Amino acid sequence: MKMFSRILFFVGFISSLAFAQTRVDTTSNLNLDKIAQVNQGDSYVTFPTDIGNIEPLMFEANVSPGFIIRERKDSRLMAVLTPQIIIRMYDEISYPVRTPSYIPQITFYFLTGSKQSLNKLTLFGKIAHHSNGQDGGFYEENGNINLVSGNFATNFTELGFIKSSHSNRRNAFKFFKSTVEVHPKSWMLNEMQGKYSGFRWHNTFLAYKLPMDGNSDENSKANFSVKAETTWMLDNVNNWDTFNLNRLNASFIFYYHPKFLEDIGMFVQFYHGMDYYNIYFQHQISIIRFGIMTEILRF
């Protein structure tokens with residue numbers, strides 16, 4: 001009986017060590033490339049069911065692949081090259097795709113502190129270009145902005161930090177990001193100055209909920225995630241007062257990953273604020289949209 005009790009104790013002890021190791025591996029598995037992937041965002045396609053005051057669309061698609069540049073997999077310093085493109089197909093005759101947004105960018109990340117810490121702080125800086133590939137006049141003859149072929153172009157930098165952590169009790173990863181985005185006047189078309197905000201403060205909160213069954217291995221994916229974003233335009237734009245609510249852009253996304261799907265899931269988004277689709281920036285939109293999103297992030 002004593003021998004049997006000792007065997008049970010030994011097996012239980014080894015099992016507890018294995019479970020503890022799994023939890024440590026899970027939480028320490030949040031390396032720099034995953035933090036960068038969270039920040040770069042996912043590709044998506046919306047359904048033609050937008051609710052709100054946006055033009056009728058067949059879909060909006062965001063194509064945002066990331067190409068990692070680093071010396072080693074465990075490097076503290078890393079760069080990500082992203083040739084991002086946003087496309088809208090309009091629900092009109094011949095279903096035109098007008099003035100896509102081209103946003104090529106390179107982002108540099110630096111992981112501070114201990115790599116094994118559950119709470120990580122990452123600093124990053126971005127250099128990006130945003131244009132619509134058109135060369136027509138910015139204005140039409142009647143003085144309205146030329147949405148069909150008007151030239152839109154700006155370059156900008158973005159500096160900020162990402163604070164990441166893991167909750168054992170909820171088995172969830174959490175991220176808070178705060179950044180400042182600057183468009184120098186010399187980097188922007190003259191026609192856009194005073195109309196397009198060149199100084200913005202962004203704040204983002206993300207949470208990824210993992211399964212509670214202890215299956216936190218290389219293939220573990222989030223059951224669902226939520227993402228809340230705000231942007232406040234700080235500079236002189238459209239002669240708005242300092243606390244004019246038109247300066248605020250806000251977005252909330254709920255994403256759900258069904259078990260029967262591999263790398264995509266369903267999302268619903270609420271967005272209110274300035275239209276982010278290049279030369280459409282003077283439109284104030286409030287929309288609810290649905291679609292599918294790639295969620296290839298594995299913890």
# chains A, B, ... in the order shown; residues from 1 in each chain; ligands from 1
$ closest_atom_pairs --of "segment 194-296 of chain A" --to "segment 144-153 of chain A" --cutoff "12 Å" --atoms "only C-alpha atoms" --output "Markdown table"
| residue | atom | partner | partner_atom | distance |
| --- | --- | --- | --- | --- |
| A:Lys195 | CA | A:Ile145 | CA | 11.2 |
| A:Tyr196 | CA | A:Phe152 | CA | 10.5 |
| A:Tyr277 | CA | A:Phe152 | CA | 10.3 |
| A:Asn278 | CA | A:Phe152 | CA | 6.5 |
| A:Ile279 | CA | A:Phe152 | CA | 5.7 |
| A:Tyr280 | CA | A:Leu147 | CA | 6.6 |
| A:Phe281 | CA | A:Leu147 | CA | 10.0 |
| A:Gln282 | CA | A:Ile145 | CA | 8.9 |
| A:His283 | CA | A:Ile145 | CA | 10.8 |
$ select_by_dssp --residues "segment 58-287 of chain A" --states "helix (DSSP H, G or I)" --output "ChimeraX atom specification"
/A:185-187,190-192,245-247,278-280
$ atom_distance --atom1 "atom CA of Met266 of chain A" --atom2 "atom CA of Lys120 of chain A"
28.8 Å
$ closest_residue --among "A:Leu123, A:Ser101, A:Asn62, A:Gly291" --to "Phe47 of chain A" --atoms "only C-alpha atoms"
A:Gly291
$ residues_around --residues "Ser197 of chain A" --least-positions-apart "2" --cutoff "12 Å" --atoms "only C-alpha atoms" --output "PyMOL selection string"
chain A and resi 154+156+181-185+188+192-195+199-201+231-240+246-249+274+276+281-282
$ write_last_selection --atoms "N, CA and C atoms" --output "mmCIF file, in the first residue's frame"
data_model
loop_
_atom_site.group_PDB
_atom_site.id
_atom_site.type_symbol
_atom_site.label_atom_id
_atom_site.label_comp_id
_atom_site.auth_asym_id
_atom_site.auth_seq_id
_atom_site.Cartn_x
_atom_site.Cartn_y
_atom_site.Cartn_z
ATOM 1 N N THR A 154 -0.172 61.248 -49.049
ATOM 2 C CA THR A 154 0.464 61.746 -47.835
ATOM 3 C C THR A 154 1.443 60.697 -47.333
ATOM 4 N N PHE A 156 3.598 59.589 -43.602
ATOM 5 C CA PHE A 156 3.513 59.857 -42.168
ATOM 6 C C PHE A 156 4.397 58.919 -41.370
ATOM 7 N N GLU A 181 0.548 59.795 -34.387
ATOM 8 C CA GLU A 181 0.758 59.754 -35.833
ATOM 9 C C GLU A 181 0.939 61.173 -36.353
ATOM 10 N N VAL A 182 2.001 61.390 -37.126
ATOM 11 C CA VAL A 182 2.342 62.732 -37.601
ATOM 12 C C VAL A 182 2.506 62.720 -39.114
ATOM 13 N N HIS A 183 1.777 63.638 -39.786
ATOM 14 C CA HIS A 183 1.909 63.868 -41.225
ATOM 15 C C HIS A 183 2.522 65.254 -41.411
ATOM 16 N N PRO A 184 3.829 65.369 -41.590
ATOM 17 C CA PRO A 184 4.413 66.703 -41.821
ATOM 18 C C PRO A 184 3.790 67.374 -43.043
ATOM 19 N N LYS A 185 3.634 68.680 -42.985
ATOM 20 C CA LYS A 185 2.985 69.398 -44.090
ATOM 21 C C LYS A 185 3.720 69.219 -45.406
ATOM 22 N N MET A 188 2.609 66.133 -47.411
ATOM 23 C CA MET A 188 1.191 66.043 -47.727
ATOM 24 C C MET A 188 0.857 66.994 -48.883
ATOM 25 N N MET A 192 -4.719 69.205 -49.252
ATOM 26 C CA MET A 192 -5.208 68.456 -48.098
ATOM 27 C C MET A 192 -4.948 69.176 -46.779
ATOM 28 N N GLN A 193 -4.023 70.123 -46.775
ATOM 29 C CA GLN A 193 -3.642 70.792 -45.531
ATOM 30 C C GLN A 193 -4.814 71.614 -44.986
ATOM 31 N N GLY A 194 -5.068 71.447 -43.701
ATOM 32 C CA GLY A 194 -6.179 72.113 -43.057
ATOM 33 C C GLY A 194 -7.490 71.365 -43.167
ATOM 34 N N LYS A 195 -7.517 70.346 -44.035
ATOM 35 C CA LYS A 195 -8.716 69.518 -44.197
ATOM 36 C C LYS A 195 -8.485 68.096 -43.701
ATOM 37 N N PHE A 199 -2.048 65.283 -37.339
ATOM 38 C CA PHE A 199 -1.532 65.006 -35.998
ATOM 39 C C PHE A 199 -2.619 64.275 -35.219
ATOM 40 N N ARG A 200 -2.391 62.994 -34.938
ATOM 41 C CA ARG A 200 -3.441 62.155 -34.363
ATOM 42 C C ARG A 200 -2.902 61.335 -33.191
ATOM 43 N N TRP A 201 -3.799 61.109 -32.240
ATOM 44 C CA TRP A 201 -3.481 60.280 -31.076
ATOM 45 C C TRP A 201 -4.380 59.049 -31.109
ATOM 46 N N THR A 231 -9.392 57.382 -32.024
ATOM 47 C CA THR A 231 -8.433 58.322 -32.600
ATOM 48 C C THR A 231 -8.951 59.727 -32.361
ATOM 49 N N TRP A 232 -8.072 60.583 -31.837
ATOM 50 C CA TRP A 232 -8.434 61.990 -31.635
ATOM 51 C C TRP A 232 -7.517 62.839 -32.498
ATOM 52 N N MET A 233 -8.116 63.675 -33.362
ATOM 53 C CA MET A 233 -7.352 64.547 -34.248
ATOM 54 C C MET A 233 -6.997 65.831 -33.499
ATOM 55 N N LEU A 234 -5.702 66.085 -33.323
ATOM 56 C CA LEU A 234 -5.232 67.130 -32.418
ATOM 57 C C LEU A 234 -4.929 68.460 -33.102
ATOM 58 N N ASP A 235 -4.730 68.460 -34.403
ATOM 59 C CA ASP A 235 -4.288 69.688 -35.068
ATOM 60 C C ASP A 235 -5.472 70.507 -35.569
ATOM 61 N N ASN A 236 -5.164 71.591 -36.241
ATOM 62 C CA ASN A 236 -6.195 72.466 -36.786
ATOM 63 C C ASN A 236 -6.753 71.843 -38.056
ATOM 64 N N VAL A 237 -7.958 71.315 -37.975
ATOM 65 C CA VAL A 237 -8.572 70.674 -39.130
ATOM 66 C C VAL A 237 -10.013 71.170 -39.255
ATOM 67 N N ASN A 238 -10.338 71.676 -40.423
ATOM 68 C CA ASN A 238 -11.682 72.192 -40.725
ATOM 69 C C ASN A 238 -12.141 73.271 -39.742
ATOM 70 N N ASN A 239 -11.197 73.928 -39.086
ATOM 71 C CA ASN A 239 -11.500 74.980 -38.110
ATOM 72 C C ASN A 239 -12.408 74.495 -36.978
ATOM 73 N N TRP A 240 -12.316 73.204 -36.648
ATOM 74 C CA TRP A 240 -13.104 72.659 -35.551
ATOM 75 C C TRP A 240 -12.580 73.138 -34.211
ATOM 76 N N ASN A 246 -16.404 65.823 -33.804
ATOM 77 C CA ASN A 246 -16.006 65.388 -35.138
ATOM 78 C C ASN A 246 -14.544 64.977 -35.194
ATOM 79 N N ARG A 247 -13.779 65.373 -34.194
ATOM 80 C CA ARG A 247 -12.366 64.991 -34.123
ATOM 81 C C ARG A 247 -12.179 63.530 -33.712
ATOM 82 N N LEU A 248 -13.220 62.900 -33.227
ATOM 83 C CA LEU A 248 -13.119 61.547 -32.682
ATOM 84 C C LEU A 248 -13.504 60.494 -33.714
ATOM 85 N N ASN A 249 -12.628 59.519 -33.898
ATOM 86 C CA ASN A 249 -12.946 58.296 -34.633
ATOM 87 C C ASN A 249 -12.969 57.154 -33.629
ATOM 88 N N MET A 274 -14.356 59.828 -39.255
ATOM 89 C CA MET A 274 -13.891 60.202 -40.580
ATOM 90 C C MET A 274 -13.701 58.950 -41.435
ATOM 91 N N TYR A 276 -11.888 56.553 -43.657
ATOM 92 C CA TYR A 276 -10.450 56.289 -43.751
ATOM 93 C C TYR A 276 -10.038 55.903 -45.176
ATOM 94 N N PHE A 281 -12.038 61.179 -47.194
ATOM 95 C CA PHE A 281 -11.809 61.503 -45.786
ATOM 96 C C PHE A 281 -12.751 62.561 -45.227
ATOM 97 N N GLN A 282 -13.374 63.375 -46.071
ATOM 98 C CA GLN A 282 -14.268 64.404 -45.541
ATOM 99 C C GLN A 282 -15.661 63.864 -45.213
#
$ atom_distance --atom1 "atom CA of Ile264 of chain A" --atom2 "atom CA of Phe224 of chain A"
11.5 Å
$ select_by_dssp --residues "segment 2-214 of chain A" --states "strand (DSSP E or B)" --output "VMD selection string"
chain A and resid 44 to 46 51 to 52 57 to 63 67 to 69 77 to 90 97 101 to 111 120 to 131 136 139 145 150 153 to 167 172 to 182 188 199 to 209
